[in-house]
>>> print(open('upload_8.cif').read())   # mmCIF, C-alpha atoms
data_entry
#
loop_
_atom_site.group_PDB
_atom_site.id
_atom_site.type_symbol
_atom_site.label_atom_id
_atom_site.label_comp_id
_atom_site.auth_asym_id
_atom_site.auth_seq_id
_atom_site.Cartn_x
_atom_site.Cartn_y
_atom_site.Cartn_z
ATOM 1 C CA MET A 11 -55.689 -3.583 102.907
ATOM 2 C CA LEU A 12 -52.893 -2.282 100.724
ATOM 3 C CA ARG A 13 -53.283 -2.739 96.962
ATOM 4 C CA THR A 14 -49.937 -4.496 96.826
ATOM 5 C CA LEU A 15 -51.156 -6.893 99.494
ATOM 6 C CA ALA A 16 -54.143 -7.721 97.320
ATOM 7 C CA PHE A 17 -51.855 -8.539 94.383
ATOM 8 C CA ALA A 18 -49.533 -10.702 96.454
ATOM 9 C CA VAL A 19 -52.396 -12.551 98.131
ATOM 10 C CA ALA A 20 -53.830 -13.162 94.680
ATOM 11 C CA ILE A 21 -50.543 -14.781 93.733
ATOM 12 C CA ALA A 22 -50.697 -16.941 96.831
ATOM 13 C CA PHE A 23 -54.272 -18.097 96.209
ATOM 14 C CA GLY A 24 -53.882 -18.544 92.497
ATOM 15 C CA ALA A 25 -50.282 -19.616 92.465
ATOM 16 C CA VAL A 26 -50.889 -23.267 91.815
ATOM 17 C CA ALA A 27 -53.251 -22.497 88.947
ATOM 18 C CA ALA A 28 -52.143 -24.559 85.978
ATOM 19 C CA SER A 29 -53.942 -26.045 83.022
ATOM 20 C CA PRO A 30 -54.924 -29.736 83.457
ATOM 21 C CA VAL A 31 -52.265 -30.777 80.944
ATOM 22 C CA LEU A 32 -49.531 -28.922 82.771
ATOM 23 C CA ALA A 33 -50.693 -30.343 86.089
ATOM 24 C CA GLN A 34 -50.590 -33.876 84.700
ATOM 25 C CA ASP A 35 -47.140 -33.347 83.230
ATOM 26 C CA ALA A 36 -45.833 -32.018 86.530
ATOM 27 C CA ALA A 37 -47.282 -34.986 88.388
ATOM 28 C CA ALA A 38 -45.748 -37.422 85.925
ATOM 29 C CA GLN A 39 -42.317 -35.863 86.255
ATOM 30 C CA ALA A 40 -42.401 -35.319 90.016
ATOM 31 C CA PRO A 41 -40.337 -37.707 92.138
ATOM 32 C CA ALA A 42 -42.067 -40.027 94.569
ATOM 33 C CA ALA A 43 -40.560 -38.190 97.539
ATOM 34 C CA GLN A 44 -42.617 -35.439 99.137
ATOM 35 C CA SER A 45 -41.744 -31.925 98.013
ATOM 36 C CA THR A 46 -40.008 -29.524 100.353
ATOM 37 C CA PRO A 47 -41.598 -26.106 100.976
ATOM 38 C CA GLU A 48 -38.984 -24.486 98.717
ATOM 39 C CA GLN A 49 -39.748 -26.932 95.909
ATOM 40 C CA VAL A 50 -43.467 -26.232 96.262
ATOM 41 C CA VAL A 51 -42.940 -22.478 95.919
ATOM 42 C CA LYS A 52 -40.546 -22.881 92.974
ATOM 43 C CA GLU A 53 -43.086 -25.037 91.169
ATOM 44 C CA ILE A 54 -45.736 -22.427 91.950
ATOM 45 C CA ALA A 55 -43.564 -19.738 90.347
ATOM 46 C CA HIS A 56 -42.942 -21.907 87.279
ATOM 47 C CA GLN A 57 -46.630 -22.645 86.835
ATOM 48 C CA LEU A 58 -47.436 -18.946 87.100
ATOM 49 C CA ASP A 59 -44.905 -18.157 84.380
ATOM 50 C CA VAL A 60 -46.521 -20.639 82.003
ATOM 51 C CA THR A 61 -50.194 -20.423 82.888
ATOM 52 C CA ILE A 62 -50.805 -16.679 83.122
ATOM 53 C CA ALA A 63 -48.607 -15.783 80.161
ATOM 54 C CA GLY A 64 -50.348 -18.315 77.946
ATOM 55 C CA HIS A 65 -53.957 -17.745 78.981
ATOM 56 C CA ARG A 66 -54.175 -14.133 80.187
ATOM 57 C CA GLU A 67 -56.820 -12.916 77.722
ATOM 58 C CA GLU A 68 -58.866 -16.089 78.003
ATOM 59 C CA LEU A 69 -58.927 -15.894 81.794
ATOM 60 C CA LYS A 70 -59.508 -12.140 81.750
ATOM 61 C CA ASN A 71 -62.731 -12.655 79.844
ATOM 62 C CA ASP A 72 -63.952 -15.560 81.955
ATOM 63 C CA LYS A 73 -63.591 -14.963 85.694
ATOM 64 C CA GLU A 74 -65.411 -18.162 86.597
ATOM 65 C CA LYS A 75 -62.898 -20.142 84.558
ATOM 66 C CA LEU A 76 -60.105 -18.374 86.419
ATOM 67 C CA ILE A 77 -61.797 -19.314 89.694
ATOM 68 C CA SER A 78 -62.245 -22.932 88.617
ATOM 69 C CA VAL A 79 -58.591 -23.194 87.615
ATOM 70 C CA ILE A 80 -57.569 -21.958 91.062
ATOM 71 C CA ASP A 81 -60.009 -24.319 92.777
ATOM 72 C CA ASP A 82 -58.801 -27.361 90.837
ATOM 73 C CA ASP A 83 -55.130 -26.981 91.741
ATOM 74 C CA PHE A 84 -54.966 -24.810 94.840
ATOM 75 C CA LEU A 85 -56.389 -26.945 97.611
ATOM 76 C CA PRO A 86 -53.632 -29.598 97.698
ATOM 77 C CA HIS A 87 -51.070 -26.876 98.492
ATOM 78 C CA PHE A 88 -52.885 -24.769 101.074
ATOM 79 C CA ASP A 89 -54.258 -25.774 104.456
ATOM 80 C CA ILE A 90 -57.635 -24.041 104.226
ATOM 81 C CA ASP A 91 -59.041 -25.539 107.417
ATOM 82 C CA TYR A 92 -56.054 -24.581 109.565
ATOM 83 C CA ALA A 93 -55.876 -21.078 108.064
ATOM 84 C CA SER A 94 -59.569 -20.500 108.753
ATOM 85 C CA ILE A 95 -59.152 -21.554 112.386
ATOM 86 C CA LEU A 96 -56.333 -19.029 112.729
ATOM 87 C CA VAL A 97 -58.531 -16.351 111.160
ATOM 88 C CA LEU A 98 -61.370 -17.167 113.572
ATOM 89 C CA GLY A 99 -58.916 -16.892 116.459
ATOM 90 C CA ARG A 100 -60.546 -17.251 119.880
ATOM 91 C CA HIS A 101 -63.934 -17.563 118.178
ATOM 92 C CA ALA A 102 -62.917 -20.960 116.774
ATOM 93 C CA ARG A 103 -63.436 -22.431 120.247
ATOM 94 C CA GLU A 104 -66.908 -20.937 120.446
ATOM 95 C CA ALA A 105 -67.973 -22.153 116.994
ATOM 96 C CA THR A 106 -69.513 -25.562 116.389
ATOM 97 C CA PRO A 107 -67.715 -27.997 114.038
ATOM 98 C CA GLU A 108 -70.417 -27.282 111.435
ATOM 99 C CA GLN A 109 -69.867 -23.528 111.744
ATOM 100 C CA ARG A 110 -66.090 -23.923 111.410
ATOM 101 C CA GLU A 111 -66.574 -26.002 108.269
ATOM 102 C CA ARG A 112 -69.007 -23.497 106.750
ATOM 103 C CA PHE A 113 -66.743 -20.580 107.633
ATOM 104 C CA ALA A 114 -63.714 -22.246 106.044
ATOM 105 C CA LYS A 115 -65.573 -22.874 102.786
ATOM 106 C CA ALA A 116 -67.271 -19.467 102.627
ATOM 107 C CA PHE A 117 -64.116 -17.567 103.580
ATOM 108 C CA TYR A 118 -62.003 -19.386 100.978
ATOM 109 C CA ASN A 119 -64.600 -18.789 98.241
ATOM 110 C CA SER A 120 -64.881 -15.106 99.161
ATOM 111 C CA ILE A 121 -61.108 -14.596 99.225
ATOM 112 C CA THR A 122 -60.672 -16.366 95.894
ATOM 113 C CA HIS A 123 -63.325 -14.279 94.136
ATOM 114 C CA ARG A 124 -61.993 -11.047 95.611
ATOM 115 C CA TYR A 125 -58.366 -11.526 94.611
ATOM 116 C CA ALA A 126 -58.411 -13.872 91.617
ATOM 117 C CA GLU A 127 -58.193 -11.109 89.031
ATOM 118 C CA GLY A 128 -55.011 -9.859 90.660
ATOM 119 C CA LEU A 129 -53.304 -12.816 89.006
ATOM 120 C CA LEU A 130 -53.875 -11.218 85.617
ATOM 121 C CA ASN A 131 -51.331 -8.537 86.613
ATOM 122 C CA TYR A 132 -48.654 -11.183 87.002
ATOM 123 C CA THR A 133 -45.675 -10.996 84.648
ATOM 124 C CA LYS A 134 -43.248 -13.783 83.828
ATOM 125 C CA GLY A 135 -40.381 -14.117 86.287
ATOM 126 C CA ALA A 136 -42.033 -11.865 88.865
ATOM 127 C CA VAL A 137 -41.570 -14.369 91.705
ATOM 128 C CA GLN A 138 -37.992 -14.912 92.844
ATOM 129 C CA VAL A 139 -37.499 -17.589 95.505
ATOM 130 C CA LEU A 140 -34.772 -16.735 98.003
ATOM 131 C CA PRO A 141 -32.378 -19.404 99.344
ATOM 132 C CA PHE A 142 -34.153 -21.607 101.872
ATOM 133 C CA SER A 143 -32.715 -21.674 105.392
ATOM 134 C CA GLY A 144 -35.464 -23.467 107.297
ATOM 135 C CA ASP A 145 -35.270 -26.744 109.180
ATOM 136 C CA LEU A 146 -37.265 -29.529 107.536
ATOM 137 C CA ASN A 147 -37.231 -31.416 110.816
ATOM 138 C CA ASP A 148 -39.505 -28.757 112.280
ATOM 139 C CA LYS A 149 -43.264 -28.837 111.804
ATOM 140 C CA ARG A 150 -43.366 -25.236 110.587
ATOM 141 C CA THR A 151 -41.148 -23.171 108.362
ATOM 142 C CA VAL A 152 -41.154 -20.127 106.080
ATOM 143 C CA VAL A 153 -40.144 -19.757 102.439
ATOM 144 C CA ARG A 154 -39.116 -16.238 101.505
ATOM 145 C CA THR A 155 -39.616 -14.731 98.061
ATOM 146 C CA GLN A 156 -39.561 -11.386 96.339
ATOM 147 C CA VAL A 157 -42.230 -10.287 93.867
ATOM 148 C CA VAL A 158 -41.030 -7.841 91.229
ATOM 149 C CA LEU A 159 -43.743 -5.351 90.215
ATOM 150 C CA ASP A 160 -44.060 -3.671 86.829
ATOM 151 C CA ASP A 161 -42.377 -0.502 88.117
ATOM 152 C CA GLY A 162 -39.374 -2.504 89.321
ATOM 153 C CA LYS A 163 -40.247 -2.311 93.007
ATOM 154 C CA ARG A 164 -39.789 -5.499 95.013
ATOM 155 C CA LEU A 165 -42.201 -6.881 97.577
ATOM 156 C CA SER A 166 -41.094 -9.286 100.277
ATOM 157 C CA VAL A 167 -43.566 -12.166 100.245
ATOM 158 C CA ASP A 168 -43.153 -14.972 102.785
ATOM 159 C CA TYR A 169 -45.101 -18.237 102.705
ATOM 160 C CA ALA A 170 -45.656 -19.909 106.068
ATOM 161 C CA PHE A 171 -45.827 -23.716 105.843
ATOM 162 C CA ARG A 172 -46.773 -26.445 108.278
ATOM 163 C CA LYS A 173 -46.249 -30.170 107.942
ATOM 164 C CA SER A 174 -49.466 -32.175 107.760
ATOM 165 C CA LYS A 175 -50.028 -35.487 109.508
ATOM 166 C CA ASN A 176 -49.054 -37.410 106.381
ATOM 167 C CA GLY A 177 -45.828 -35.440 106.019
ATOM 168 C CA ASP A 178 -46.874 -33.063 103.227
ATOM 169 C CA TRP A 179 -45.965 -29.404 103.530
ATOM 170 C CA LYS A 180 -48.901 -27.016 103.102
ATOM 171 C CA ALA A 181 -48.989 -23.239 103.171
ATOM 172 C CA TYR A 182 -51.329 -21.582 105.653
ATOM 173 C CA ASP A 183 -50.324 -17.922 105.668
ATOM 174 C CA VAL A 184 -48.831 -15.294 103.369
ATOM 175 C CA ILE A 185 -46.878 -12.371 104.805
ATOM 176 C CA ILE A 186 -46.358 -9.396 102.479
ATOM 177 C CA GLU A 187 -43.959 -6.709 103.639
ATOM 178 C CA GLY A 188 -44.512 -7.927 107.181
ATOM 179 C CA ILE A 189 -48.319 -7.947 106.899
ATOM 180 C CA SER A 190 -49.898 -11.350 107.538
ATOM 181 C CA TYR A 191 -53.129 -12.029 105.680
ATOM 182 C CA VAL A 192 -54.211 -14.288 108.567
ATOM 183 C CA THR A 193 -53.649 -11.561 111.155
ATOM 184 C CA ASN A 194 -55.241 -8.925 108.944
ATOM 185 C CA TYR A 195 -58.436 -10.902 108.506
ATOM 186 C CA ARG A 196 -58.456 -12.208 112.089
ATOM 187 C CA ASN A 197 -58.764 -8.627 113.317
ATOM 188 C CA GLN A 198 -61.578 -7.885 110.867
ATOM 189 C CA VAL A 199 -63.417 -11.135 111.599
ATOM 190 C CA ASP A 200 -63.117 -10.573 115.344
ATOM 191 C CA ALA A 201 -64.667 -7.104 115.028
ATOM 192 C CA GLU A 202 -67.467 -8.415 112.799
ATOM 193 C CA ILE A 203 -68.306 -11.333 115.113
ATOM 194 C CA ARG A 204 -68.457 -9.016 118.114
ATOM 195 C CA LYS A 205 -70.849 -6.825 116.140
ATOM 196 C CA VAL A 206 -73.185 -9.350 114.468
ATOM 197 C CA GLY A 207 -72.239 -12.786 115.803
ATOM 198 C CA ILE A 208 -70.519 -15.704 114.112
ATOM 199 C CA GLU A 209 -73.649 -17.161 112.482
ATOM 200 C CA LYS A 210 -74.506 -13.836 110.838
ATOM 201 C CA LEU A 211 -70.919 -13.419 109.641
ATOM 202 C CA ILE A 212 -70.913 -16.878 108.061
ATOM 203 C CA GLY A 213 -74.258 -16.150 106.413
ATOM 204 C CA ASN A 214 -72.916 -12.882 105.000
ATOM 205 C CA LEU A 215 -69.897 -14.656 103.541
ATOM 206 C CA GLU A 216 -72.060 -17.397 102.071
ATOM 207 C CA ASN A 217 -74.590 -14.994 100.538
ATOM 208 C CA GLN A 218 -72.481 -11.931 99.716
ATOM 209 C CA GLY A 219 -69.023 -13.407 99.182
ATOM 210 C CA GLU A 220 -66.376 -10.845 98.327
ATOM 211 C CA LYS A 221 -68.785 -7.978 99.104
ATOM 212 C CA ALA A 222 -68.846 -9.135 102.732
ATOM 213 C CA LEU A 223 -65.045 -8.935 102.815
ATOM 214 C CA GLU A 224 -65.135 -5.449 101.297
ATOM 215 C CA THR A 225 -67.614 -4.325 103.960
ATOM 216 C CA MET A 226 -65.414 -5.658 106.756
ATOM 217 C CA ASP A 227 -62.398 -3.954 105.203
ATOM 218 C CA LYS A 228 -64.204 -0.598 105.032
ATOM 219 C CA ASP A 229 -65.489 -0.946 108.599
ATOM 220 C CA SER A 230 -61.982 -1.679 109.899
ATOM 221 C CA LYS A 231 -60.597 1.426 108.207
ATOM 222 C CA ALA A 232 -63.437 3.580 109.538
ATOM 223 C CA SER A 233 -62.990 2.434 113.133
#
>>> encode(input="upload_8.cif", output="structure tokens")
Amino acid sequence: MLRTLAFAVAIAFGAVAASPVLAQDAAAQAPAAQSTPEQVVKEIAHQLDVTIAGHREELKNDKEKLISVIDDDFLPHFDIDYASILVLGRHAREATPEQRERFAKAFYNSITHRYAEGLLNYTKGAVQVLPFSGDLNDKRTVVRTQVVLDDGKRLSVDYAFRKSKNGDWKAYDVIIEGISYVTNYRNQVDAEIRKVGIEKLIGNLENQGEKALETMDKDSKAS
């Protein structure tokens, strides 16, 4: 996976990371109406500006705290279960409900640990949300952004959203320069399941975490 993809995925997974105080303030000021996908991404960008800039050194020296911050505020904005089913692809039908649940949890934990530190490279104002042109009457839509890197280069980063049963919009995929993280990992997971089976894959993710992802990544490049 490209290094820039790792950075952008880190933004996606850690984007809603905010200190408890900031999260409470945002909740207190938020209107009762449900946020649109564009509003969600704009709030993500604002929280990144405040949180990373103010706590970079603290989070740099305490990875578990960085992980816990992401865990506390990420889940409400990302559809982990749906994303994991997409990553499993055709194997989702073969898996038991218990295996799908374990995979979703282990995959999310592994992804978070692998990319969390990429957030520490974030600089204020790096995320620029482009004008939204989607249809909120649809059940799916995409919010387009650009991420400005330190060298001035711009990455196109798209967030795919779907509307949940209760009407909330949740992200389920991140597409960086045309590369979907769901598709990228679906190909790797498919190859690994065909090699070792779904139960072994889940066990590897549960026991090895990010190292299991690194192994799959290396195997995919070698094949």
>>> closest_residue(input="upload_8.cif", among="A:Gln138, A:Ser230, A:Asn119, A:Thr133", to="Gly64 in chain A", atoms="all atoms listed in the file")
A:Thr133
>>> atom_distance(input="upload_8.cif", atom1="CA of Val167 in chain A", atom2="CA of Lys75 in chain A")
26.1 Å
>>> residues_around(input="upload_8.cif", residues="Ser94 in chain A", least_positions_apart="2", cutoff="10 Å", atoms="only C-alpha atoms", output="MDAnalysis selection string")
chainID A and resid 89:92 96:99 102 110:111 113:118 182 192 195:196
>>> resolve_selection(input="upload_8.cif", expression="the PyMOL selection byres ((chain A and resi 149-152) around 9)", output="ChimeraX atom specification")
/A:47-48,142-148,153-154,168-174,179,181
>>> closest_residue(input="upload_8.cif", among="A:Ile121, A:Ile95, A:Leu58, A:Leu130", to="Lys221 in chain A", atoms="all atoms listed in the file")
A:Ile121
>>> atom_distance(input="upload_8.cif", atom1="CA of Lys210 in chain A", atom2="CA of Ile189 in chain A")
27.1 Å
>>> resolve_selection(input="upload_8.cif", expression="the PyMOL selection byres ((chain A and resi 157) around 10)", output="short mmCIF file (atom, residue, chain, number, x, y, z; two decimals) with C-alpha atoms, in the coordinates of the input")
data_model
loop_
_atom_site.label_atom_id
_atom_site.label_comp_id
_atom_site.auth_asym_id
_atom_site.auth_seq_id
_atom_site.Cartn_x
_atom_site.Cartn_y
_atom_site.Cartn_z
CA PHE A 17 -51.86 -8.54 94.38
CA ALA A 18 -49.53 -10.70 96.45
CA ILE A 21 -50.54 -14.78 93.73
CA TYR A 132 -48.65 -11.18 87.00
CA THR A 133 -45.68 -11.00 84.65
CA GLY A 135 -40.38 -14.12 86.29
CA ALA A 136 -42.03 -11.86 88.86
CA VAL A 137 -41.57 -14.37 91.70
CA GLN A 138 -37.99 -14.91 92.84
CA VAL A 139 -37.50 -17.59 95.50
CA THR A 155 -39.62 -14.73 98.06
CA GLN A 156 -39.56 -11.39 96.34
CA VAL A 158 -41.03 -7.84 91.23
CA LEU A 159 -43.74 -5.35 90.22
CA ASP A 160 -44.06 -3.67 86.83
CA GLY A 162 -39.37 -2.50 89.32
CA LYS A 163 -40.25 -2.31 93.01
CA ARG A 164 -39.79 -5.50 95.01
CA LEU A 165 -42.20 -6.88 97.58
CA SER A 166 -41.09 -9.29 100.28
CA VAL A 167 -43.57 -12.17 100.24
CA ILE A 186 -46.36 -9.40 102.48
#
>>> closest_residue(input="upload_8.cif", among="A:Ile185, A:Ala222, A:Leu76, A:Ile54", to="Ser120 in chain A", atoms="only C-alpha atoms")
A:Ala222
>>> atom_distance(input="upload_8.cif", atom1="CA of His101 in chain A", atom2="CA of Asp183 in chain A")
18.5 Å
>>> residues_around(input="upload_8.cif", residues="Ile62 in chain A", least_positions_apart="2", cutoff="9 Å", atoms="all atoms listed in the file", output="JSON list (two decimals) with C-alpha atoms, in the coordinates of the input")
[["chain", "number", "residue", "atom", "x", "y", "z"],
["A", 27, "ALA", "CA", -53.25, -22.50, 88.95],
["A", 28, "ALA", "CA", -52.14, -24.56, 85.98],
["A", 57, "GLN", "CA", -46.63, -22.64, 86.84],
["A", 58, "LEU", "CA", -47.44, -18.95, 87.10],
["A", 59, "ASP", "CA", -44.90, -18.16, 84.38],
["A", 60, "VAL", "CA", -46.52, -20.64, 82.00],
["A", 64, "GLY", "CA", -50.35, -18.32, 77.95],
["A", 65, "HIS", "CA", -53.96, -17.74, 78.98],
["A", 66, "ARG", "CA", -54.18, -14.13, 80.19],
["A", 67, "GLU", "CA", -56.82, -12.92, 77.72],
["A", 69, "LEU", "CA", -58.93, -15.89, 81.79],
["A", 129, "LEU", "CA", -53.30, -12.82, 89.01],
["A", 130, "LEU", "CA", -53.88, -11.22, 85.62],
["A", 131, "ASN", "CA", -51.33, -8.54, 86.61],
["A", 132, "TYR", "CA", -48.65, -11.18, 87.00],
["A", 133, "THR", "CA", -45.68, -11.00, 84.65],
["A", 134, "LYS", "CA", -43.25, -13.78, 83.83]]
>>> closest_residue(input="upload_8.cif", among="A:Lys175, A:Arg124, A:Lys180, A:Arg204", to="Leu223 in chain A", atoms="only C-alpha atoms")
A:Arg124
>>> closest_residue(input="upload_8.cif", among="A:Pro107, A:Gly219, A:Pro141, A:Gly128", to="Gln49 in chain A", atoms="all atoms listed in the file")
A:Pro141
